[in-house]
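Source file: entry-v9.txt. Holds: compact mmCIF, C-alpha atoms.
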# COMPACT_ATOMS: atom_id res chain seq x y z
CA MET A 26 -4.69 53.49 -58.51
CA LYS A 27 -4.52 51.85 -55.12
CA GLU A 28 -7.22 49.25 -54.63
CA LYS A 29 -9.59 50.00 -51.77
CA SER A 30 -9.75 47.67 -48.80
CA ILE A 31 -13.04 46.02 -47.88
CA PHE A 32 -12.76 47.94 -44.61
CA GLU A 33 -13.25 51.14 -46.58
CA SER A 34 -16.68 49.99 -47.73
CA GLU A 35 -19.46 51.54 -45.65
CA LEU A 36 -21.92 48.84 -46.75
CA PHE A 37 -19.53 46.07 -45.67
CA LEU A 38 -18.94 47.70 -42.29
CA MET A 39 -22.65 48.26 -41.69
CA ALA A 40 -23.30 44.58 -42.40
CA ILE A 41 -20.67 43.62 -39.82
CA LEU A 42 -21.99 46.12 -37.28
CA ILE A 43 -25.53 44.77 -37.60
CA ILE A 44 -24.10 41.48 -36.31
CA LEU A 45 -21.68 42.84 -33.70
CA LEU A 46 -24.16 45.33 -32.24
CA LYS A 47 -26.73 42.60 -31.67
CA PRO A 48 -29.63 44.06 -29.64
CA GLY A 49 -30.42 42.25 -26.42
CA PHE A 50 -33.92 41.46 -27.69
CA LEU A 51 -32.52 39.11 -30.34
CA GLY A 52 -30.79 37.12 -27.63
CA VAL A 53 -34.12 35.68 -26.44
CA ILE A 54 -35.07 34.40 -29.91
CA PRO A 55 -33.16 31.08 -30.08
CA THR A 56 -32.84 30.82 -33.87
CA LEU A 57 -31.77 34.40 -34.42
CA ASN A 58 -29.48 34.26 -31.38
CA SER A 59 -27.70 31.20 -32.78
CA ILE A 60 -27.34 32.80 -36.22
CA PHE A 61 -25.89 36.00 -34.76
CA ASN A 62 -23.54 34.10 -32.43
CA PHE A 63 -22.24 31.94 -35.28
CA ALA A 64 -21.77 34.97 -37.52
CA CYS A 65 -20.00 36.84 -34.71
CA VAL A 66 -17.55 33.98 -34.14
CA ALA A 67 -16.82 33.84 -37.87
CA ILE A 68 -16.24 37.61 -37.96
CA ALA A 69 -14.00 37.44 -34.88
CA VAL A 70 -11.88 34.67 -36.43
CA PHE A 71 -11.62 36.59 -39.72
CA LEU A 72 -10.63 39.84 -37.97
CA THR A 73 -8.08 38.02 -35.80
CA VAL A 74 -6.42 36.35 -38.79
CA TYR A 75 -6.49 39.61 -40.74
CA SER A 76 -4.96 41.65 -37.91
CA VAL A 77 -2.22 39.10 -37.22
CA PHE A 78 -1.15 38.45 -40.81
CA MET A 79 -2.19 41.57 -42.74
CA ILE A 80 -1.65 44.42 -40.29
CA LYS A 81 1.44 45.63 -38.45
CA ILE A 82 0.91 44.82 -34.79
CA THR A 83 0.80 48.06 -32.78
CA LYS A 84 -0.10 48.90 -29.18
CA LYS A 85 -3.82 48.77 -29.75
CA TYR A 86 -3.73 45.32 -31.42
CA ALA A 87 -1.38 43.95 -28.78
CA TRP A 88 -3.62 45.25 -26.01
CA ILE A 89 -6.76 43.66 -27.47
CA LEU A 90 -5.11 40.25 -27.92
CA ILE A 91 -3.43 40.28 -24.50
CA TYR A 92 -6.46 41.55 -22.56
CA TYR A 93 -8.85 38.90 -23.83
CA SER A 94 -6.15 36.20 -23.78
CA VAL A 95 -5.53 36.78 -20.05
CA ILE A 96 -9.24 36.32 -19.32
CA PHE A 97 -9.30 33.17 -21.47
CA VAL A 98 -6.21 31.66 -19.83
CA SER A 99 -7.49 32.44 -16.34
CA THR A 100 -10.85 30.93 -17.22
CA VAL A 101 -9.20 27.70 -18.42
CA ILE A 102 -6.81 27.45 -15.45
CA ASN A 103 -9.52 28.12 -12.87
CA ASN A 104 -12.20 25.98 -14.54
CA GLY A 105 -14.32 29.05 -15.21
CA ASN A 106 -17.25 29.17 -17.57
CA LEU A 107 -15.85 29.17 -21.13
CA VAL A 108 -19.29 29.31 -22.72
CA ALA A 109 -20.20 32.39 -20.68
CA PHE A 110 -16.79 33.89 -21.53
CA LEU A 111 -17.46 33.55 -25.26
CA LYS A 112 -21.02 34.82 -25.04
CA GLU A 113 -20.02 37.88 -23.02
CA ASN A 114 -16.74 38.78 -24.70
CA ILE A 115 -16.76 37.68 -28.33
CA TYR A 116 -18.81 40.65 -29.54
CA GLY A 117 -16.69 43.21 -27.70
CA TYR A 118 -13.47 41.52 -28.86
CA ALA A 119 -14.58 41.60 -32.48
CA LEU A 120 -15.66 45.25 -32.22
CA CYS A 121 -12.27 46.20 -30.74
CA LEU A 122 -10.47 44.52 -33.64
CA LEU A 123 -12.80 46.14 -36.16
CA PHE A 124 -12.11 49.59 -34.71
CA ALA A 125 -8.35 48.94 -34.63
CA ILE A 126 -8.29 47.82 -38.27
CA CYS A 127 -10.48 50.71 -39.39
CA MET A 128 -8.25 53.17 -37.54
CA ASP A 129 -5.46 52.05 -39.88
CA LYS A 130 -7.64 51.85 -42.98
CA ASN A 131 -10.33 54.54 -42.92
CA ILE A 132 -11.80 55.46 -39.55
CA GLU A 133 -14.11 58.02 -41.19
CA VAL A 134 -16.02 55.30 -43.03
CA CYS A 135 -16.22 53.19 -39.88
CA LEU A 136 -17.70 56.02 -37.82
CA LYS A 137 -20.18 56.92 -40.55
CA SER A 138 -21.32 53.30 -40.76
CA PHE A 139 -22.49 53.62 -37.16
CA ARG A 140 -25.72 55.22 -38.35
CA ILE A 141 -27.22 51.79 -37.61
CA ALA A 142 -26.55 52.60 -33.93
CA ASN A 143 -28.59 55.80 -34.27
CA ALA A 144 -31.48 53.69 -35.53
CA TYR A 145 -31.10 51.42 -32.50
CA ILE A 146 -31.47 54.41 -30.16
CA PHE A 147 -34.79 55.28 -31.82
CA ILE A 148 -36.05 51.68 -31.83
CA ASN A 149 -35.12 51.17 -28.19
CA PHE A 150 -36.80 54.46 -27.26
CA PHE A 151 -40.08 53.39 -28.84
CA THR A 152 -39.97 49.96 -27.16
CA VAL A 153 -39.49 51.70 -23.81
CA LEU A 154 -42.56 53.86 -24.50
CA MET A 155 -44.65 50.93 -25.75
CA PHE A 156 -43.62 48.49 -23.03
CA PRO A 157 -43.08 50.52 -19.83
CA LYS A 158 -42.81 47.33 -17.75
CA GLY A 159 -40.43 45.65 -20.17
CA MET A 160 -40.66 43.71 -23.44
CA TYR A 161 -39.44 40.38 -22.10
CA THR A 162 -37.82 38.68 -19.12
CA THR A 163 -34.59 36.73 -18.77
CA THR A 164 -33.20 34.45 -16.08
CA LEU A 165 -31.45 37.45 -14.51
CA TYR A 166 -33.69 40.44 -15.21
CA SER A 167 -37.45 40.89 -15.17
CA GLN A 168 -37.50 44.04 -17.31
CA ASN A 169 -35.69 44.22 -20.64
CA TRP A 170 -36.15 46.23 -23.81
CA PHE A 171 -34.78 46.23 -27.36
CA LEU A 172 -31.20 46.91 -26.23
CA GLY A 173 -31.49 44.81 -23.09
CA TYR A 174 -31.60 45.55 -19.37
CA LYS A 175 -31.75 49.15 -18.15
CA ASN A 176 -28.15 49.85 -17.05
CA PRO A 177 -26.28 48.03 -19.85
CA GLN A 178 -28.49 49.61 -22.52
CA ILE A 179 -27.73 53.14 -21.27
CA ARG A 180 -23.99 52.41 -21.32
CA MET A 181 -24.37 51.16 -24.88
CA ILE A 182 -26.34 54.27 -25.84
CA LEU A 183 -23.68 56.50 -24.26
CA ALA A 184 -21.05 54.95 -26.53
CA PHE A 185 -23.38 55.44 -29.51
CA LEU A 186 -23.79 59.11 -28.55
CA CYS A 187 -20.02 59.50 -28.37
CA ILE A 188 -19.60 58.21 -31.92
CA SER A 189 -22.53 60.26 -33.22
CA PHE A 190 -21.04 63.44 -31.75
CA LEU A 191 -17.60 62.50 -33.08
CA CYS A 192 -18.96 62.04 -36.61
CA SER A 193 -20.65 65.40 -36.50
CA VAL A 194 -17.68 67.28 -35.06
CA ILE A 195 -15.18 65.61 -37.37
CA THR A 196 -17.08 66.18 -40.61
CA THR A 197 -18.98 69.42 -39.95
CA HIS A 198 -17.22 70.94 -36.92
CA ARG A 199 -20.53 71.27 -35.15
CA ILE A 200 -22.88 69.59 -32.73
CA GLY A 201 -26.08 69.39 -34.71
CA VAL A 202 -29.75 69.24 -33.86
CA PHE A 203 -29.80 65.52 -34.61
CA ASN A 204 -27.06 64.91 -32.01
CA ILE A 205 -29.05 66.83 -29.42
CA LEU A 206 -32.18 64.86 -30.35
CA LEU A 207 -30.34 61.58 -29.79
CA PHE A 208 -29.14 62.80 -26.42
CA GLY A 209 -32.70 63.81 -25.48
CA LEU A 210 -33.97 60.35 -26.41
CA ALA A 211 -31.21 58.80 -24.30
CA VAL A 212 -32.16 60.87 -21.24
CA ILE A 213 -35.86 60.07 -21.60
CA THR A 214 -34.99 56.39 -22.02
CA ALA A 215 -32.89 56.39 -18.85
CA LEU A 216 -35.70 58.08 -16.92
CA ARG A 217 -38.37 55.70 -18.26
CA VAL A 218 -36.40 52.56 -17.40
CA SER A 219 -35.40 54.01 -13.99
CA SER A 220 -31.67 53.63 -14.54
CA ALA A 221 -30.15 55.76 -11.78
CA ASN A 222 -26.65 54.83 -12.92
CA GLY A 223 -27.53 55.80 -16.49
CA ILE A 224 -29.19 59.09 -15.53
CA ILE A 225 -26.14 60.16 -13.52
CA GLY A 226 -23.80 59.11 -16.31
CA LEU A 227 -25.73 60.98 -19.01
CA MET A 228 -26.09 64.13 -16.91
CA ILE A 229 -22.37 64.24 -16.15
CA TRP A 230 -21.61 63.53 -19.82
CA SER A 231 -23.80 66.45 -20.89
CA VAL A 232 -21.96 68.78 -18.50
CA LEU A 233 -18.59 67.54 -19.76
CA ILE A 234 -19.67 68.06 -23.39
CA ILE A 235 -20.80 71.61 -22.65
CA LEU A 236 -17.45 72.29 -20.99
CA ALA A 237 -15.68 70.66 -23.94
CA VAL A 238 -17.34 73.09 -26.34
CA TYR A 239 -17.46 76.32 -24.36
CA ILE A 240 -14.76 76.00 -21.66
CA PRO A 241 -12.10 73.74 -23.20
CA LYS A 242 -9.47 74.82 -20.65
CA SER A 243 -11.47 72.95 -17.99
CA TYR A 244 -10.07 69.73 -19.44
CA LYS A 245 -6.69 70.62 -18.01
CA PHE A 246 -8.01 69.22 -14.73
CA LEU A 247 -11.27 67.48 -15.77
CA ASN A 248 -9.67 64.71 -17.77
CA LEU A 249 -9.11 60.98 -17.89
CA PHE A 250 -6.07 61.18 -15.61
CA THR A 251 -8.01 62.84 -12.79
CA ALA A 252 -10.84 60.31 -13.29
CA LEU A 253 -8.36 57.44 -12.93
CA VAL A 254 -6.77 58.98 -9.81
CA ALA A 255 -10.19 59.54 -8.22
CA TYR A 256 -11.23 55.97 -9.03
CA ILE A 257 -8.04 54.52 -7.53
CA MET A 258 -8.50 56.65 -4.40
CA PHE A 259 -12.03 55.28 -4.07
CA MET A 260 -10.70 51.72 -4.39
CA LEU A 261 -8.05 52.33 -1.72
CA PHE A 262 -10.69 53.89 0.53
CA LEU A 263 -12.89 50.86 -0.02
CA MET A 264 -10.10 48.44 0.89
CA PHE A 265 -8.55 50.17 3.89
CA VAL A 266 -11.06 52.61 5.44
CA SER A 267 -14.13 51.81 7.52
CA ILE A 268 -17.32 53.75 6.80
CA PRO A 269 -18.25 56.03 9.75
CA ASP A 270 -21.64 55.66 11.40
CA PHE A 271 -22.95 59.08 10.33
CA VAL A 272 -22.83 57.91 6.69
CA TYR A 273 -25.21 55.05 7.50
CA ASP A 274 -27.46 57.45 9.42
CA PHE A 275 -27.61 59.79 6.43
CA LEU A 276 -28.38 56.93 4.03
CA GLU A 277 -31.09 55.73 6.39
CA GLN A 278 -32.73 59.15 6.17
CA ILE A 279 -32.86 59.04 2.34
CA ASN A 280 -33.91 55.36 2.24
CA LYS A 281 -30.68 54.25 0.57
CA SER A 282 -29.08 52.36 3.45
CA ASN A 283 -30.01 48.91 2.18
CA SER A 284 -28.71 49.64 -1.30
CA PHE A 285 -25.40 51.08 -0.09
CA LEU A 286 -24.86 48.49 2.63
CA GLY A 287 -25.52 45.71 0.14
CA ARG A 288 -22.96 47.14 -2.28
CA TYR A 289 -20.42 47.83 0.48
CA GLN A 290 -20.69 44.33 1.94
CA LEU A 291 -20.40 42.86 -1.55
CA TRP A 292 -17.27 44.91 -2.32
CA LYS A 293 -15.63 43.81 0.92
CA ARG A 294 -16.45 40.20 0.11
CA ILE A 295 -15.04 40.50 -3.42
CA VAL A 296 -11.84 42.12 -2.10
CA ASP A 297 -11.35 39.09 0.16
CA CYS A 298 -11.92 36.76 -2.80
CA ILE A 299 -9.37 38.65 -4.90
CA LYS A 300 -6.77 38.36 -2.14
CA ASN A 301 -7.12 34.57 -2.33
CA ARG A 302 -6.31 34.53 -6.07
CA PHE A 303 -4.41 37.75 -6.47
CA LEU A 304 -2.35 36.86 -9.54
CA LEU A 305 -4.86 35.59 -12.14
CA GLY A 306 -8.23 35.84 -10.45
CA TYR A 307 -11.02 33.33 -11.07
CA GLY A 308 -11.49 33.53 -14.82
CA TYR A 309 -14.82 34.40 -16.36
CA LEU A 310 -17.81 33.38 -14.25
CA SER A 311 -21.45 33.21 -15.25
CA GLY A 312 -23.94 35.12 -13.11
CA LEU A 313 -24.93 31.96 -11.24
CA ASP A 314 -21.27 30.98 -10.70
CA PHE A 315 -20.51 34.44 -9.34
CA THR A 316 -23.17 34.20 -6.63
CA TYR A 317 -21.15 31.34 -5.10
CA TYR A 318 -18.37 33.81 -4.32
CA SER A 319 -20.53 36.87 -3.61
CA LYS A 320 -22.78 34.93 -1.22
CA LYS A 321 -25.67 37.09 -2.40
CA ARG A 322 -28.38 35.91 -4.79
CA TRP A 323 -28.71 39.35 -6.39
CA ALA A 324 -24.96 39.84 -6.91
CA THR A 325 -24.26 38.18 -10.26
CA HIS A 326 -21.24 40.45 -10.70
CA SER A 327 -19.07 42.63 -8.45
CA HIS A 328 -20.94 45.92 -9.07
CA ASN A 329 -17.57 47.64 -9.53
CA TRP A 330 -15.56 47.84 -12.75
CA MET A 331 -12.03 47.31 -11.41
CA LEU A 332 -13.09 44.67 -8.91
CA ASN A 333 -14.76 42.82 -11.76
CA VAL A 334 -11.56 43.07 -13.83
CA MET A 335 -9.53 41.65 -10.95
CA MET A 336 -12.03 38.86 -10.34
CA MET A 337 -11.60 37.79 -13.96
CA GLY A 338 -7.83 38.10 -14.24
CA GLY A 339 -6.28 39.27 -10.99
CA ILE A 340 -3.47 41.81 -10.85
CA VAL A 341 -2.25 40.69 -14.30
CA LEU A 342 -5.49 41.71 -16.03
CA LEU A 343 -5.65 44.91 -13.97
CA MET A 344 -2.19 45.90 -15.25
CA VAL A 345 -3.27 45.21 -18.83
CA PHE A 346 -6.42 47.27 -18.27
CA LEU A 347 -4.46 50.16 -16.78
CA PHE A 348 -2.06 50.04 -19.71
CA ALA A 349 -4.96 50.94 -22.04
CA VAL A 350 -6.00 53.77 -19.72
CA ILE A 351 -2.45 55.17 -19.47
CA VAL A 352 -1.90 54.98 -23.23
CA SER A 353 -5.23 56.78 -23.72
CA ILE A 354 -4.22 59.48 -21.24
CA ASN A 355 -0.92 60.03 -23.04
CA SER A 356 -2.49 59.93 -26.52
CA LEU A 357 -5.52 62.16 -26.04
CA ASN A 358 -4.67 65.78 -26.79
CA ASN A 359 -7.49 67.64 -25.09
CA SER A 360 -6.75 70.79 -27.06
CA TYR A 361 -8.84 69.11 -29.76
CA LEU A 362 -12.61 68.92 -29.35
CA PHE A 363 -12.93 65.34 -30.60
CA CYS A 364 -10.40 64.24 -27.96
CA ARG A 365 -12.43 66.00 -25.27
CA ILE A 366 -15.56 64.13 -26.41
CA ILE A 367 -13.74 60.80 -26.12
CA SER A 368 -12.35 61.85 -22.73
CA ALA A 369 -15.82 62.83 -21.50
CA THR A 370 -17.20 59.43 -22.47
CA LEU A 371 -14.41 57.47 -20.77
CA ILE A 372 -14.69 59.65 -17.65
CA CYS A 373 -18.41 58.80 -17.47
CA PHE A 374 -17.63 55.10 -17.86
CA PHE A 375 -15.34 55.36 -14.85
CA ILE A 376 -18.03 57.14 -12.84
CA MET A 377 -20.67 54.58 -13.84
CA GLY A 378 -18.16 51.83 -13.07
CA ILE A 379 -18.00 52.77 -9.40
CA ASP A 380 -21.12 50.72 -8.66
CA GLU A 381 -21.46 48.77 -11.89
CA ALA A 382 -19.23 45.98 -13.23
CA MET A 383 -19.74 47.27 -16.80
CA THR A 384 -20.76 43.82 -17.99
CA ASN A 385 -23.01 43.20 -21.02
CA THR A 386 -21.62 46.29 -22.74
CA THR A 387 -19.72 45.62 -25.96
CA MET A 388 -18.90 49.24 -26.80
CA ILE A 389 -16.76 50.31 -23.83
CA TYR A 390 -13.39 49.01 -24.98
CA PRO A 391 -13.80 50.12 -28.62
CA ILE A 392 -13.92 53.69 -27.26
CA PHE A 393 -10.55 53.00 -25.63
CA ILE A 394 -9.24 51.93 -29.06
CA LEU A 395 -10.26 55.35 -30.42
CA ALA A 396 -8.51 57.00 -27.48
CA MET A 397 -5.29 55.04 -28.01
CA ASP A 398 -4.75 56.30 -31.56
CA PRO A 399 -6.42 59.73 -31.99
CA GLU A 400 -3.94 60.85 -34.66
CA LYS A 401 -5.95 58.89 -37.25
CA ILE A 402 -9.07 60.85 -36.31
CA LEU A 403 -7.13 64.12 -36.40
CA ALA A 404 -6.14 63.42 -40.01
CA VAL A 405 -9.82 63.15 -40.95
CA CYS A 406 -10.62 66.35 -39.02
CA LYS A 407 -8.04 68.29 -40.99
CA LYS A 408 -9.54 67.06 -44.25
CA TYR A 409 -12.79 68.83 -43.39
CA GLU A 410 -11.25 71.80 -41.60
CA LYS A 411 -11.26 74.10 -44.64
CA ASN A 412 -14.88 73.46 -45.57
CA GLU A 413 -16.12 77.04 -45.25
CA ALA A 414 -19.50 76.24 -46.83
CA ILE A 415 -20.73 74.84 -43.53
CA GLN A 416 -22.53 77.42 -41.42
CA PRO A 417 -24.09 75.48 -38.53
CA ARG A 418 -26.20 76.99 -35.78
CA ILE A 419 -23.99 75.48 -33.07
CA ARG A 420 -20.55 76.13 -34.45
CA VAL A 421 -17.42 74.78 -32.76
CA SER A 422 -13.83 74.92 -33.83
CA LEU A 423 -11.50 72.00 -34.37
CA ARG A 424 -9.68 73.03 -31.22
The structure given in the file should be rewritten as structure tokens.
Amino acid sequence: MKEKSIFESELFLMAILIILLKPGFLGVIPTLNSIFNFACVAIAVFLTVYSVFMIKITKKYAWILIYYSVIFVSTVINNGNLVAFLKENIYGYALCLLFAICMDKNIEVCLKSFRIANAYIFINFFTVLMFPKGMYTTTLYSQNWFLGYKNPQIRMILAFLCISFLCSVITTHRIGVFNILLFGLAVITALRVSSANGIIGLMIWSVLIILAVYIPKSYKFLNLFTALVAYIMFMLFLMFVSIPDFVYDFLEQINKSNSFLGRYQLWKRIVDCIKNRFLLGYGYLSGLDFTYYSKKRWATHSHNWMLNVMMMGGIVLLMVFLFAVIVSINSLNNSYLFCRIISATLICFFIMGIDEAMTNTTMIYPIFILAMDPEKILAVCKKYEKNEAIQPRIRVSLR
């Protein structure tokens, strides 16, 4: 009998995930923060060694190693902030490797072990209710809860919802009441913490999920490719087109002129900075370091996903990033429901990334890892496909 890998142990994976999904609240407790950071580094080293020497290097492994290596090299060359680079990226890097390894070992066990994330959604929800003005403050944000600041926590929750829905669809071919409950908690959380970016993202995600279940043919045009094209068109518009006056007049009427103008001026400034270091960018910058280039005290990042990628690693990192997107587009077969759920989540990340840099979110790139190798998930789906004993209220087919 073939001996099981440790990556097929749900208990082992849950123990790792407790570390890698460190809630923002633990970051303000020095002792616990140090313990988690040390454990995360140890896990990242272990996973790196394991993936290099024990696993056949495929596209997803190569992408993880190259993406984070480019940021590291750029940070070293440009005298960026290495400490901030490690703090911001080590958790996401380790999660990407964990997902990649589990895809090759037993992705079903990995997804099921994410029940700890469901618990985090509940805990965060209750902290939002109990502390409407925030649990604690940080040097950057005055209002934070169990999972951190308002926008990053909603992005994290969105990734958790994606995995929760995937688990349900894969194993039972249904979207259950518990999944809907988690989504409801996420929406209430976004409303309570006043995360406009999160509310928009969750609402669009809900529409895309409904379409995924009831109108699957809509994904012939509502897919990751069209999201990428729309995003690139926005970036080109930003770089080469001037905003007409009537737009400012309209924003003035709805009291959003200051917000938009601030973002627009910041984006223009960041584009100029990128032109100065087009090849490898500036490396990873802490929030305080970034304000030197943004010239705005409130702009601790670029407030745009692709601009932030280019600030960190220039055109080189952008090409690596786009490689993951293109591989995902080619790999995702939207005739399958689980692929449509992954597509919906990545589309929402792109939409949220228009005015957010997608920083402080460790779960974005692991979703890309799922998208790059969906055949492993399909194999699990087929294992449960013939389970006729399941008679859910909200029944969906594999396709």
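Nearest to Arg288 of chain A of all the residues A:Ala382, A:Ala40, A:Leu313, A:Ala349 is A:Ala382, counting only C-alpha atoms.
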Show which residues sit within 8 Å of Gly306 of chain A, as a PDB file with C-alpha atoms, keeping the file's coordinate frame. Count all atoms listed in the file, and ignore same-chain residues fewer than 2 positions away.
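Generated output (selection.pdb):
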ATOM      1  CA  SER A  99      -7.490  32.440 -16.340  1.00  0.00           C
ATOM      2  CA  ILE A 299      -9.370  38.650  -4.900  1.00  0.00           C
ATOM      3  CA  ARG A 302      -6.310  34.530  -6.070  1.00  0.00           C
ATOM      4  CA  PHE A 303      -4.410  37.750  -6.470  1.00  0.00           C
ATOM      5  CA  LEU A 304      -2.350  36.860  -9.540  1.00  0.00           C
ATOM      6  CA  GLY A 308     -11.490  33.530 -14.820  1.00  0.00           C
ATOM      7  CA  MET A 335      -9.530  41.650 -10.950  1.00  0.00           C
ATOM      8  CA  MET A 336     -12.030  38.860 -10.340  1.00  0.00           C
ATOM      9  CA  MET A 337     -11.600  37.790 -13.960  1.00  0.00           C
ATOM     10  CA  GLY A 338      -7.830  38.100 -14.240  1.00  0.00           C
ATOM     11  CA  GLY A 339      -6.280  39.270 -10.990  1.00  0.00           C
ATOM     12  CA  ILE A 340      -3.470  41.810 -10.850  1.00  0.00           C
TER      13      ILE A 340
END
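Counting all atoms listed in the file and comparing A:Leu342, A:Cys406, A:Leu261, A:Ile43, the residue that lies closest to Ile89 of chain A is A:Leu342.
Minimum atom-to-atom distance to Cys65 of chain A, evaluated using all atoms listed in the file, belongs to A:Asn114 out of A:Ser311, A:Asn114, A:Asn333, A:Asn106.
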Legend entry - Point-to-point distance in Å for atom CA of Asn359 of chain A and atom CA of Lys245 of chain A: 7.7 Å
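With atom CA of Lys407 of chain A on one side and atom CA of Leu186 of chain A on the other, the separation reads 22.1 Å.
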Contacts of Gly49 of chain A within 7 Å, all atoms listed in the file, excl. fewer than 5 positions in-chain, as a PDB file with C-alpha atoms, in the frame of the given file:
ATOM      1  CA  PHE A 171     -34.780  46.230 -27.360  1.00  0.00           C
ATOM      2  CA  LEU A 172     -31.200  46.910 -26.230  1.00  0.00           C
ATOM      3  CA  GLY A 173     -31.490  44.810 -23.090  1.00  0.00           C
TER       4      GLY A 173
END
Padding 5 Å on every side, please: axis-aligned box over the listed atoms of segment 227-235 of chain A, centre and edge lengths to one decimal in Å, as JSON.
{"center_x": -22.3, "center_y": 66.3, "center_z": -19.8, "size_x": 17.5, "size_y": 20.6, "size_z": 17.2}
Can you check which parts of segment 326-416 of chain A lie within 10 Å of segment 126-141 of chain A? Per residue, the shortest pair of atoms and distance in Å to one decimal, counting only C-alpha atoms, sorted by chain and number, as a Markdown table.
| residue | atom | partner | partner_atom | distance |
| --- | --- | --- | --- | --- |
| A:Ile394 | CA | A:Met128 | CA | 8.6 |
| A:Leu395 | CA | A:Met128 | CA | 7.7 |
| A:Asp398 | CA | A:Met128 | CA | 7.6 |
| A:Pro399 | CA | A:Met128 | CA | 8.8 |
| A:Glu400 | CA | A:Met128 | CA | 9.3 |
| A:Lys401 | CA | A:Met128 | CA | 6.2 |
| A:Ile402 | CA | A:Ile132 | CA | 6.9 |
| A:Ala404 | CA | A:Glu133 | CA | 9.7 |
| A:Val405 | CA | A:Glu133 | CA | 6.7 |
| A:Cys406 | CA | A:Glu133 | CA | 9.3 |
Taking N, CA and C atoms as the atom set, what does segment 75-86 of chain A look like once completed, written as a short mmCIF file (atom, residue, chain, number, x, y, z; two decimals), keeping the file's coordinate frame?
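File part13.cif, as written:
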data_model
loop_
_atom_site.label_atom_id
_atom_site.label_comp_id
_atom_site.auth_asym_id
_atom_site.auth_seq_id
_atom_site.Cartn_x
_atom_site.Cartn_y
_atom_site.Cartn_z
N TYR A 75 -6.85 38.43 -39.94
CA TYR A 75 -6.49 39.61 -40.74
C TYR A 75 -5.52 40.52 -39.98
N SER A 76 -5.80 40.74 -38.70
CA SER A 76 -4.96 41.65 -37.91
C SER A 76 -3.58 41.07 -37.65
N VAL A 77 -3.50 39.74 -37.50
CA VAL A 77 -2.22 39.10 -37.22
C VAL A 77 -1.33 39.02 -38.46
N PHE A 78 -1.94 38.71 -39.60
CA PHE A 78 -1.15 38.45 -40.81
C PHE A 78 -1.13 39.60 -41.81
N MET A 79 -2.09 40.52 -41.73
CA MET A 79 -2.19 41.57 -42.74
C MET A 79 -1.91 42.97 -42.21
N ILE A 80 -1.81 43.11 -40.90
CA ILE A 80 -1.65 44.42 -40.29
C ILE A 80 -0.41 44.40 -39.39
N LYS A 81 0.32 45.50 -39.36
CA LYS A 81 1.44 45.63 -38.45
C LYS A 81 0.90 45.73 -37.02
N ILE A 82 1.40 44.86 -36.16
CA ILE A 82 0.91 44.82 -34.79
C ILE A 82 1.42 46.05 -34.03
N THR A 83 0.49 46.86 -33.56
CA THR A 83 0.80 48.06 -32.78
C THR A 83 0.24 47.91 -31.37
N LYS A 84 0.34 48.97 -30.58
CA LYS A 84 -0.10 48.90 -29.18
C LYS A 84 -1.55 48.49 -29.05
N LYS A 85 -2.39 49.05 -29.91
CA LYS A 85 -3.82 48.77 -29.75
C LYS A 85 -4.16 47.31 -30.07
N TYR A 86 -3.50 46.73 -31.10
CA TYR A 86 -3.73 45.32 -31.42
C TYR A 86 -3.19 44.43 -30.30
#
